[in-house]
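Shown here: query-v5.txt, compact mmCIF, C-alpha atoms.
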```txt
# COMPACT_ATOMS: atom_id res chain seq x y z
CA MET A 1 0.00 0.00 0.00
CA ARG A 2 2.73 2.42 0.99
CA VAL A 3 4.73 1.54 -2.10
CA LEU A 4 1.65 2.18 -4.20
CA CYS A 5 1.21 5.60 -2.60
CA PHE A 6 4.81 6.58 -3.20
CA ALA A 7 4.55 5.37 -6.80
CA LEU A 8 1.42 7.45 -7.29
CA VAL A 9 3.00 10.56 -5.78
CA GLY A 10 6.08 10.02 -7.94
CA LEU A 11 3.94 9.71 -11.02
CA MET A 12 2.10 12.91 -10.21
CA LEU A 13 5.33 14.82 -9.65
CA ALA A 14 6.73 13.57 -12.94
CA CYS A 15 3.58 13.76 -15.00
CA PRO A 16 3.72 16.67 -17.45
CA VAL A 17 0.04 16.38 -18.37
CA HIS A 18 -2.06 18.90 -16.51
CA ALA A 19 -5.33 18.04 -14.81
CA GLY A 20 -7.23 20.94 -16.32
CA SER A 21 -6.76 24.40 -17.79
CA LYS A 22 -7.17 26.57 -14.70
CA VAL A 23 -4.20 28.58 -13.47
CA ILE A 24 -2.11 27.03 -10.68
CA ALA A 25 -3.58 27.44 -7.15
CA THR A 26 -6.96 28.72 -8.41
CA GLY A 27 -8.74 25.56 -7.25
CA GLY A 28 -7.65 26.34 -3.72
CA SER A 29 -6.95 23.61 -1.22
CA THR A 30 -9.62 21.45 0.43
CA SER A 31 -11.01 22.61 3.75
CA ILE A 32 -11.71 20.22 6.62
CA GLU A 33 -15.36 19.85 5.57
CA GLY A 34 -14.46 18.96 1.97
CA ALA A 35 -15.19 22.20 0.14
CA ALA A 36 -12.45 23.87 -1.88
CA GLY A 37 -11.07 26.67 0.22
CA GLY A 38 -8.52 27.26 2.84
CA GLY A 39 -8.14 25.01 5.86
CA ILE A 40 -11.22 25.91 7.92
CA VAL A 41 -13.11 28.23 5.55
CA PRO A 42 -14.87 27.24 2.30
CA TRP A 43 -14.10 29.63 -0.56
CA ALA A 44 -16.02 30.49 -3.72
CA VAL A 45 -13.42 28.69 -5.84
CA ILE A 46 -14.31 25.33 -7.38
CA ASN A 47 -11.99 22.44 -6.51
CA GLY A 48 -9.44 21.08 -8.96
CA TYR A 49 -8.34 22.58 -12.27
CA ALA A 50 -11.35 21.96 -14.52
CA SER A 51 -12.12 24.99 -16.66
CA SER A 52 -15.03 25.24 -19.10
CA ASP A 53 -16.33 21.82 -20.25
CA GLN A 54 -13.65 19.99 -18.25
CA TRP A 55 -13.83 17.49 -15.39
CA SER A 56 -11.53 17.29 -12.41
CA VAL A 57 -11.22 14.91 -9.48
CA THR A 58 -9.51 15.68 -6.18
CA SER A 59 -8.61 13.55 -3.21
CA VAL A 60 -7.35 14.82 0.09
CA VAL A 61 -6.10 13.69 3.45
CA SER A 62 -5.77 16.25 6.19
CA ARG A 63 -5.05 16.29 9.85
CA VAL A 64 -5.47 18.73 12.70
CA GLY A 65 -3.56 18.05 15.90
CA VAL A 66 -4.30 20.22 18.94
CA ASP A 67 -3.55 19.74 22.63
CA ASP A 68 -6.30 17.27 23.54
CA PHE A 69 -7.82 16.29 20.20
CA SER A 70 -6.93 15.33 16.66
CA LEU A 71 -9.07 15.43 13.55
CA HIS A 72 -8.42 13.12 10.60
CA ASN A 73 -10.16 13.86 7.31
CA VAL A 74 -10.31 11.78 4.17
CA GLY A 75 -12.18 13.11 1.20
CA ILE A 76 -12.79 12.98 -2.49
CA GLY A 77 -14.26 15.66 -4.67
CA ALA A 78 -15.15 16.32 -8.26
CA SER A 79 -15.85 19.38 -10.31
CA PHE A 80 -17.24 20.18 -13.72
CA ASN A 81 -17.06 23.28 -15.90
CA ASN A 82 -15.49 25.36 -13.09
CA GLN A 83 -19.08 25.61 -11.95
CA TRP A 84 -20.16 22.52 -9.98
CA GLU A 85 -18.33 20.96 -7.08
CA VAL A 86 -19.29 17.86 -5.13
CA SER A 87 -17.35 16.33 -2.26
CA LEU A 88 -17.57 13.49 0.20
CA THR A 89 -15.63 13.65 3.44
CA ARG A 90 -15.28 11.42 6.45
CA GLN A 91 -14.09 13.10 9.63
CA LYS A 92 -12.69 11.18 12.55
CA PHE A 93 -12.30 13.29 15.66
CA GLN A 94 -10.14 11.61 18.24
CA LEU A 95 -10.59 12.56 21.86
CA ASP A 96 -6.96 11.97 22.75
CA THR A 97 -7.29 12.98 26.41
CA ILE A 98 -10.88 11.95 27.08
CA GLY A 99 -10.64 8.74 25.06
CA GLY A 100 -12.63 7.44 22.10
CA ASP A 101 -13.51 9.08 18.82
CA LEU A 102 -16.40 10.70 16.97
CA GLN A 103 -17.06 10.32 13.27
CA GLN A 104 -19.03 12.41 10.84
CA ASP A 105 -19.74 12.18 7.11
CA ILE A 106 -20.19 15.29 5.01
CA PHE A 107 -21.60 15.54 1.51
CA GLY A 108 -20.78 18.90 -0.02
CA LEU A 109 -22.25 20.65 -3.00
CA LYS A 110 -21.15 24.00 -4.41
CA TYR A 111 -22.39 26.05 -7.35
CA HIS A 112 -20.42 28.93 -8.87
CA LEU A 113 -23.01 31.67 -9.33
CA ALA A 114 -21.14 34.65 -10.75
CA GLY A 115 -17.82 36.40 -11.22
CA GLU A 116 -14.40 34.97 -12.02
CA LEU A 117 -11.71 34.76 -9.35
CA LEU A 118 -8.99 36.22 -11.61
CA TYR A 119 -10.77 37.97 -14.44
CA THR A 120 -13.73 40.07 -13.36
CA ASP A 121 -14.17 43.05 -11.04
CA LEU A 122 -17.00 41.14 -9.43
CA PRO A 123 -15.57 38.57 -7.02
CA GLN A 124 -16.30 34.93 -7.74
CA ILE A 125 -19.48 34.10 -5.84
CA SER A 126 -20.60 30.59 -4.97
CA LEU A 127 -23.42 29.01 -3.03
CA GLY A 128 -22.66 25.86 -1.07
CA PHE A 129 -24.35 23.17 0.98
CA GLN A 130 -22.90 20.73 3.48
CA PHE A 131 -25.08 17.82 4.46
CA LYS A 132 -23.64 16.40 7.67
CA LYS A 133 -24.47 13.11 9.37
CA HIS A 134 -22.92 12.00 12.63
CA ARG A 135 -21.90 8.36 12.87
CA ASN A 136 -21.85 8.18 16.69
CA PRO A 137 -25.04 10.03 17.63
CA ALA A 138 -25.11 8.94 21.28
CA LEU A 139 -22.42 11.33 22.50
CA PRO A 140 -23.63 14.55 20.81
CA LEU A 141 -27.16 13.86 22.02
CA ALA A 142 -25.87 13.11 25.53
CA VAL A 143 -24.12 16.51 25.75
CA GLY A 144 -27.28 18.35 24.77
CA ALA A 145 -27.42 18.46 20.96
CA LYS A 146 -30.91 18.20 19.50
CA LYS A 147 -30.02 16.22 16.36
CA ASP A 148 -27.30 14.05 14.88
CA SER A 149 -27.52 15.52 11.38
CA GLY A 150 -27.80 18.93 9.83
CA THR A 151 -27.27 21.04 6.73
CA ASP A 152 -25.02 24.08 6.49
CA VAL A 153 -25.66 26.62 3.74
CA TYR A 154 -23.01 29.17 2.80
CA LEU A 155 -22.45 31.99 0.38
CA ALA A 156 -18.80 32.73 -0.42
CA ALA A 157 -17.07 35.51 -2.35
CA SER A 158 -13.42 35.21 -3.42
CA LYS A 159 -11.20 37.45 -5.48
CA VAL A 160 -7.55 37.72 -6.45
CA TYR A 161 -6.16 41.25 -6.66
CA PHE A 162 -3.11 41.35 -8.93
CA GLY A 163 -0.03 42.95 -7.46
CA ALA A 164 -1.99 44.32 -4.50
CA VAL A 165 0.57 43.80 -1.73
CA ALA A 166 4.14 44.76 -2.56
CA GLY A 167 3.52 43.59 -6.11
CA ARG A 168 2.25 40.21 -4.94
CA ASN A 169 -1.23 38.92 -5.69
CA LEU A 170 -3.70 39.02 -2.83
CA LEU A 171 -6.60 36.63 -2.34
CA LEU A 172 -9.49 37.79 -0.21
CA ASN A 173 -12.41 35.62 0.76
CA ALA A 174 -15.54 36.23 2.77
CA THR A 175 -18.10 33.56 3.61
CA VAL A 176 -21.44 33.74 5.38
CA ARG A 177 -22.71 30.44 6.73
CA ALA A 178 -26.08 29.43 8.13
CA THR A 179 -25.63 26.50 10.49
CA LYS A 180 -26.98 24.67 13.50
CA ALA A 181 -23.78 22.67 13.97
CA ASN A 182 -21.93 22.51 17.29
CA GLN A 183 -18.17 22.26 16.69
CA ILE A 184 -18.88 21.89 12.95
CA GLY A 185 -21.27 19.02 13.73
CA LEU A 186 -18.87 16.84 15.68
CA LEU A 187 -20.95 17.70 18.76
CA GLY A 188 -24.24 17.43 16.90
CA PHE A 189 -26.72 20.05 15.77
CA GLY A 190 -28.85 22.51 17.70
CA SER A 191 -29.46 22.35 21.42
CA ALA A 192 -32.34 21.69 23.76
CA THR A 193 -33.11 25.39 23.99
CA ASP A 194 -32.08 26.68 20.56
CA ASN A 195 -32.68 24.93 17.25
CA GLN A 196 -32.52 28.00 15.01
CA TYR A 197 -30.04 28.54 12.18
CA GLN A 198 -27.29 30.99 13.08
CA LEU A 199 -25.59 33.28 10.56
CA LEU A 200 -21.83 33.21 10.98
CA PHE A 201 -18.97 35.03 9.26
CA GLU A 202 -15.79 33.43 8.01
CA SER A 203 -12.86 34.99 6.21
CA SER A 204 -9.47 34.25 4.68
CA ALA A 205 -6.71 36.41 3.29
CA ALA A 206 -3.65 35.09 1.50
CA ILE A 207 -0.67 36.59 -0.25
CA LEU A 208 0.69 34.67 -3.23
CA LEU A 209 4.43 35.09 -2.83
CA ARG A 210 4.67 33.20 -6.11
CA PRO A 211 1.91 31.77 -8.31
CA GLU A 212 2.30 28.42 -6.54
CA LEU A 213 3.08 29.58 -3.00
CA ALA A 214 0.63 31.30 -0.66
CA VAL A 215 0.72 32.38 2.97
CA GLY A 216 -2.45 33.38 4.70
CA VAL A 217 -4.68 33.79 7.71
CA GLU A 218 -8.20 32.59 8.39
CA PHE A 219 -10.97 33.34 10.83
CA ARG A 220 -14.14 31.37 11.46
CA GLN A 221 -16.89 32.59 13.72
CA LYS A 222 -18.48 29.80 15.73
CA PRO A 223 -21.79 29.46 17.51
CA ASN A 224 -21.96 28.71 21.23
CA GLN A 225 -25.15 26.77 21.79
CA LEU A 226 -24.37 23.86 24.08
CA ALA A 227 -24.69 24.48 27.81
CA PHE A 228 -22.11 21.88 28.85
CA ALA A 229 -19.07 23.59 27.31
CA ASP A 230 -18.08 26.82 25.58
CA GLU A 231 -17.36 26.92 21.86
CA GLN A 232 -15.02 29.61 20.55
CA HIS A 233 -14.06 31.17 17.22
CA TRP A 234 -11.36 29.46 15.16
CA ARG A 235 -8.26 31.00 13.61
CA ASP A 236 -5.30 29.77 11.66
CA ILE A 237 -2.26 30.84 9.70
CA PHE A 238 -1.11 28.72 6.80
CA VAL A 239 1.39 28.15 4.02
CA ALA A 240 0.13 26.47 0.86
CA TRP A 241 2.42 25.05 -1.78
CA PHE A 242 0.87 24.02 -5.09
CA ILE A 243 3.69 21.79 -6.27
CA ASN A 244 2.08 21.30 -9.68
CA HIS A 245 -1.40 20.76 -11.14
CA HIS A 246 -1.53 17.37 -9.39
CA LEU A 247 -0.24 17.91 -5.88
CA SER A 248 -0.57 20.48 -3.16
CA LEU A 249 0.57 20.63 0.41
CA VAL A 250 -0.73 22.91 3.14
CA GLY A 251 0.70 23.39 6.60
CA GLY A 252 -0.76 25.62 9.25
CA TYR A 253 -0.99 26.61 12.85
CA VAL A 254 -4.52 26.56 14.28
CA ASP A 255 -6.20 27.99 17.34
CA LEU A 256 -9.52 26.25 17.96
CA GLY A 257 -10.19 27.81 21.35
CA SER A 258 -12.08 25.71 23.86
CA ILE A 259 -13.49 22.31 22.82
CA ALA A 260 -15.74 20.21 25.06
CA GLY A 261 -14.54 21.97 28.18
CA LEU A 262 -10.84 21.74 27.38
CA ALA A 263 -9.45 25.24 26.85
CA GLN A 264 -6.86 26.65 24.44
CA GLN A 265 -6.72 23.95 21.81
CA GLN A 266 -3.84 24.89 19.54
CA GLY A 267 -1.69 22.92 17.17
CA TYR A 268 -0.89 22.05 13.59
CA TYR A 269 -2.82 21.58 10.38
CA LEU A 270 -1.57 19.51 7.46
CA ALA A 271 -3.27 18.71 4.17
CA LEU A 272 -2.05 16.74 1.19
CA GLU A 273 -4.14 16.94 -1.93
CA ALA A 274 -3.97 15.10 -5.22
CA THR A 275 -5.78 16.38 -8.30
CA PHE A 276 -6.48 14.62 -11.57
CA MET B 277 -1.55 29.38 31.89
CA LYS B 278 -0.42 28.91 28.35
CA THR B 279 0.04 32.12 26.42
CA SER B 280 -1.36 32.28 22.92
CA PRO B 281 1.18 33.12 20.24
CA PHE B 282 -1.74 34.26 18.13
CA SER B 283 -2.19 37.79 19.44
CA SER B 284 1.39 38.71 18.70
CA LEU B 285 1.34 36.85 15.40
CA TRP B 286 -1.77 38.69 14.24
CA LEU B 287 -0.28 42.00 15.33
CA ALA B 288 2.94 41.22 13.47
CA LEU B 289 1.02 40.20 10.35
CA CYS B 290 -1.09 43.35 10.49
CA ILE B 291 1.95 45.59 10.83
CA PHE B 292 3.68 43.66 8.05
CA GLY B 293 0.64 43.95 5.78
CA TRP B 294 0.21 47.62 6.55
CA SER B 295 3.84 48.44 5.84
CA LEU B 296 3.66 46.55 2.54
CA LEU B 297 0.53 48.48 1.55
CA SER B 298 2.24 51.74 2.52
CA VAL B 299 5.23 50.88 0.36
CA THR B 300 2.86 50.25 -2.54
CA GLY B 301 1.02 53.47 -1.78
CA CYS B 302 4.17 55.59 -1.82
CA SER B 303 5.21 54.50 -5.26
CA GLN B 304 3.58 57.33 -7.25
CA THR B 305 6.95 58.55 -8.43
CA VAL B 306 7.67 55.48 -10.57
CA PRO B 307 8.37 56.28 -14.21
CA ARG B 308 5.46 55.77 -16.59
CA ASP B 309 7.33 53.10 -18.53
CA GLN B 310 8.58 51.16 -15.48
CA LEU B 311 6.65 48.00 -16.36
CA TYR B 312 7.74 48.26 -20.02
CA GLN B 313 11.37 48.41 -18.87
CA GLN B 314 10.89 45.48 -16.43
CA LEU B 315 9.46 43.41 -19.26
CA GLY B 316 12.68 44.06 -21.16
CA ALA B 317 11.47 46.94 -23.35
CA GLY B 318 10.99 46.27 -27.08
CA ALA B 319 13.35 43.29 -27.27
CA GLY B 320 11.82 41.76 -24.14
CA LEU B 321 8.30 42.06 -25.48
CA GLU B 322 9.39 40.38 -28.73
CA LYS B 323 10.77 37.48 -26.69
CA ILE B 324 7.55 37.23 -24.67
CA VAL B 325 5.35 37.21 -27.75
CA ASP B 326 7.60 34.77 -29.64
CA GLY B 327 7.58 32.45 -26.61
CA LEU B 328 3.81 32.74 -26.42
CA LEU B 329 3.45 31.90 -30.12
CA LEU B 330 5.54 28.76 -29.60
CA GLU B 331 3.33 27.70 -26.70
CA ILE B 332 0.17 28.34 -28.73
CA GLU B 333 1.57 26.33 -31.63
CA GLN B 334 1.92 23.29 -29.34
CA ASP B 335 -1.46 23.65 -27.67
CA GLN B 336 -4.07 21.54 -29.44
CA GLN B 337 -6.84 23.20 -27.51
CA ILE B 338 -6.28 26.71 -28.81
CA VAL B 339 -4.10 26.47 -31.92
CA HIS B 340 -7.15 26.02 -34.17
CA HIS B 341 -8.27 29.57 -33.38
CA PHE B 342 -5.18 30.77 -35.27
CA ARG B 343 -5.77 28.69 -38.40
CA ASP B 344 -6.65 31.70 -40.57
CA THR B 345 -4.52 34.20 -38.67
CA ASP B 346 -1.75 36.20 -40.34
CA ILE B 347 0.82 35.32 -37.66
CA GLU B 348 3.27 38.08 -38.63
CA ARG B 349 0.56 40.69 -38.29
CA PHE B 350 -0.75 39.13 -35.07
CA ARG B 351 2.77 39.16 -33.64
CA LYS B 352 3.31 42.82 -34.52
CA LEU B 353 -0.05 43.89 -33.07
CA LEU B 354 0.39 41.91 -29.85
CA ILE B 355 3.84 43.40 -29.26
CA GLU B 356 2.39 46.83 -29.95
CA GLN B 357 -0.49 46.23 -27.55
CA LEU B 358 1.71 44.94 -24.71
CA CYS B 359 4.06 47.88 -25.32
CA GLU B 360 1.25 50.40 -24.99
CA LEU B 361 -0.29 48.61 -22.00
CA SER B 362 3.01 48.56 -20.12
CA GLY B 363 3.61 52.25 -20.70
CA GLY B 364 6.04 51.91 -23.59
CA PRO B 365 6.40 54.30 -26.54
CA CYS B 366 3.87 52.60 -28.82
CA GLN B 367 0.32 52.99 -29.96
CA TYR B 368 -1.78 49.89 -30.55
CA SER B 369 -3.12 50.08 -34.10
CA GLY B 370 -5.32 46.98 -34.10
CA ALA B 371 -9.03 46.49 -33.62
CA SER B 372 -10.65 46.47 -30.17
CA MET B 373 -10.42 43.26 -28.17
CA GLN B 374 -14.13 42.66 -28.59
CA GLU B 375 -14.02 43.20 -32.39
CA SER B 376 -10.98 41.03 -32.93
CA HIS B 377 -12.33 38.07 -30.93
CA THR B 378 -15.96 38.04 -32.06
CA GLY B 379 -16.88 34.84 -33.89
CA PHE B 380 -13.96 32.83 -32.50
CA LYS B 381 -16.07 31.35 -29.70
CA ILE B 382 -13.13 31.44 -27.31
CA THR B 383 -13.92 29.52 -24.13
CA GLN B 384 -12.82 30.05 -20.56
CA ALA B 385 -10.52 27.02 -20.90
CA ASP B 386 -8.90 28.64 -23.98
CA PHE B 387 -8.39 31.86 -22.04
CA ASP B 388 -7.01 29.99 -19.02
CA ASN B 389 -4.56 28.16 -21.29
CA LEU B 390 -3.30 31.40 -22.78
CA VAL B 391 -2.83 32.91 -19.32
CA ARG B 392 -0.85 29.84 -18.22
CA HIS B 393 1.30 30.02 -21.34
CA LEU B 394 2.03 33.70 -20.72
CA MET B 395 2.93 32.96 -17.08
CA LYS B 396 5.25 30.16 -18.17
CA VAL B 397 6.97 32.32 -20.79
CA MET B 398 7.48 35.22 -18.39
CA GLU B 399 8.85 32.80 -15.79
CA THR B 400 11.26 31.31 -18.34
CA LEU B 401 12.45 34.81 -19.28
CA GLU B 402 13.01 35.53 -15.58
CA ILE B 403 10.78 38.57 -15.51
CA PRO B 404 10.35 39.79 -11.91
CA ILE B 405 7.24 38.34 -10.27
CA THR B 406 5.92 41.83 -9.50
CA ALA B 407 6.09 42.79 -13.19
CA GLN B 408 4.44 39.49 -14.15
CA ASN B 409 1.57 40.21 -11.75
CA GLN B 410 1.23 43.77 -13.00
CA LEU B 411 0.97 42.66 -16.63
CA LEU B 412 -1.52 39.90 -15.76
CA GLY B 413 -3.54 42.47 -13.84
CA LEU B 414 -3.68 44.68 -16.96
CA LEU B 415 -4.69 41.79 -19.22
CA ALA B 416 -7.21 40.04 -16.92
CA PRO B 417 -10.02 42.60 -17.38
CA MET B 418 -10.00 41.83 -21.13
CA TYR B 419 -11.61 38.48 -20.29
CA GLY B 420 -15.12 39.82 -20.83
CA ASP B 421 -14.26 41.17 -24.30
CA VAL B 422 -12.51 37.99 -25.39
CA VAL B 423 -14.43 34.89 -24.27
CA TYR B 424 -17.75 33.61 -25.60
CA ARG B 425 -17.94 36.23 -28.36
```
Here is the file; what I need is its structure written in the form of structure tokens.
Amino acid sequence: MRVLCFALVGLMLACPVHAGSKVIATGGSTSIEGAAGGGIVPWAVINGYASSDQWSVTSVVSRVGVDDFSLHNVGIGASFNNQWEVSLTRQKFQLDTIGGDLQQDIFGLKYHLAGELLYTDLPQISLGFQFKKHRNPALPLAVGAKKDSGTDVYLAASKVYFGAVAGRNLLLNATVRATKANQIGLLGFGSATDNQYQLLFESSAAILLRPELAVGVEFRQKPNQLAFADEQHWRDIFVAWFINHHLSLVGGYVDLGSIAGLAQQQGYYLALEATF
Amino acid sequence: MKTSPFSSLWLALCIFGWSLLSVTGCSQTVPRDQLYQQLGAGAGLEKIVDGLLLEIEQDQQIVHHFRDTDIERFRKLLIEQLCELSGGPCQYSGASMQESHTGFKITQADFDNLVRHLMKVMETLEIPITAQNQLLGLLAPMYGDVVYR
């Protein structure tokens, strides 16, 4: 298996054929919930490198390691026409200190409504859905969540400004999300007292030092619905290297605040993505 | 209690970002033809366009658009246009972007390919990344006049 992986990675590094026509890095990376974006924020970009009338397939493994928890994500995604994006992600959230793990599946759908990331004054605007289903419903329900599944809806705007910061290109993204999820759904959806959708703001900014190398920051507003423990906003800083049209690597430092009563959860983020 | 490195990191990033923006903002005194010079002036633009033509020639997706094109004339006009755009001593004498692309049914994928070719050529010619970005920023808005016409 490992040999196969190395062979595949080697092939992708050597392969001169590109996966699609889009410019390097414009498919973004894959966020922890499967949507093309940064690490914790979905962007308006469509995953992979498929331009008009082209298909693209992405696969990603990512990992977040903070003081008392670690999150392992495995996902696949596909896009068509630089317009439609679908993704399937399985999250495994390990409670390293408490013991045990929680799993969640996410089906993502994104539609590119208007604008072009690089080419139009209007930012690229996309509408996305994340259908989330918990695989271990007992724990979220025990800590006060109302349901074990839920749907997030988000509207994202992304734009690259050429030469905006010391001659380097700047990517700005803003996302508004309607959600009932507690800790992105890992602690279920809604609470005994509040089952309304909440509107939350998320944002990323990245400087492209080179076309294939970006450094950036992200912010994600979080709800705080469960009585048993506080939930806090998330932040990260990241470096993304788009090695070629087939491989990208993202490393980051995340601050996830308090999770399930354990304060100051900080640590690393790593994502390896393959695109075809 | 553990101290968060984030507050200081954010502060540092903000100051860094602000100073970079200030540097950009103070650059009003640059000569009008700075980009033209960074692209290598007339000879540089010829190299860029010749490199681009070679890339187009090898690209099955877009080469068919040039089937009936007078390449010599196209070359001359493109050099002229890039020269004028970058602040050089030229005046573009060709038709508007919209006029010259109508009927070609150029797709987004075609446009993306051309952008990638231009980026590759500029990289090969070792044009500074800031000049590359500046030129791409001048060309990007032409998208609407070029594709799906």
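Separating CA of Trp55 in chain A from CA of Gln334 in chain B is a distance of 21.8 Å.
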A:Lys146, A:His245, A:Arg210, A:Arg63: which is nearest chain B, counting all atoms listed in the file?
-> A:Arg210
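Rounded to one decimal, CA of Pro140 in chain A and CA of Leu186 in chain A lie 7.4 Å from each other.
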Please determine the contact residues of chain B with respect to chain A at a cut-off of 6 Å, counting only C-alpha atoms, and supply them as a PDB file with C-alpha atoms, in the frame of the given file.
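Output file part_31.pdb follows:
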```pdb
ATOM      1  CA  LEU B 296       3.660  46.550   2.540  1.00  0.00           C
ATOM      2  CA  LEU B 297       0.530  48.480   1.550  1.00  0.00           C
ATOM      3  CA  THR B 300       2.860  50.250  -2.540  1.00  0.00           C
ATOM      4  CA  GLN B 384     -12.820  30.050 -20.560  1.00  0.00           C
ATOM      5  CA  ALA B 385     -10.520  27.020 -20.900  1.00  0.00           C
ATOM      6  CA  ASP B 388      -7.010  29.990 -19.020  1.00  0.00           C
ATOM      7  CA  ASN B 389      -4.560  28.160 -21.290  1.00  0.00           C
ATOM      8  CA  ARG B 392      -0.850  29.840 -18.220  1.00  0.00           C
ATOM      9  CA  THR B 406       5.920  41.830  -9.500  1.00  0.00           C
ATOM     10  CA  ASN B 409       1.570  40.210 -11.750  1.00  0.00           C
ATOM     11  CA  GLN B 410       1.230  43.770 -13.000  1.00  0.00           C
ATOM     12  CA  GLY B 413      -3.540  42.470 -13.840  1.00  0.00           C
ATOM     13  CA  ALA B 416      -7.210  40.040 -16.920  1.00  0.00           C
ATOM     14  CA  PRO B 417     -10.020  42.600 -17.380  1.00  0.00           C
ATOM     15  CA  TYR B 419     -11.610  38.480 -20.290  1.00  0.00           C
TER      16      TYR B 419
END
```
Gln374 in chain B proximity check over B:Gly420, B:Pro404, B:Gly327, B:Gly318, using only C-alpha atoms: winner is B:Gly420
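Here CA of Phe107 in chain A stands at a distance of 14.0 Å from CA of Ser59 in chain A.
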Go through B:Arg308, B:Arg425, B:Lys396, B:Lys323 one by one, measure the shortest atom-to-atom distance of each to Ser362 in chain B using all atoms listed in the file, and give the residue with the smallest value.
-> B:Arg308
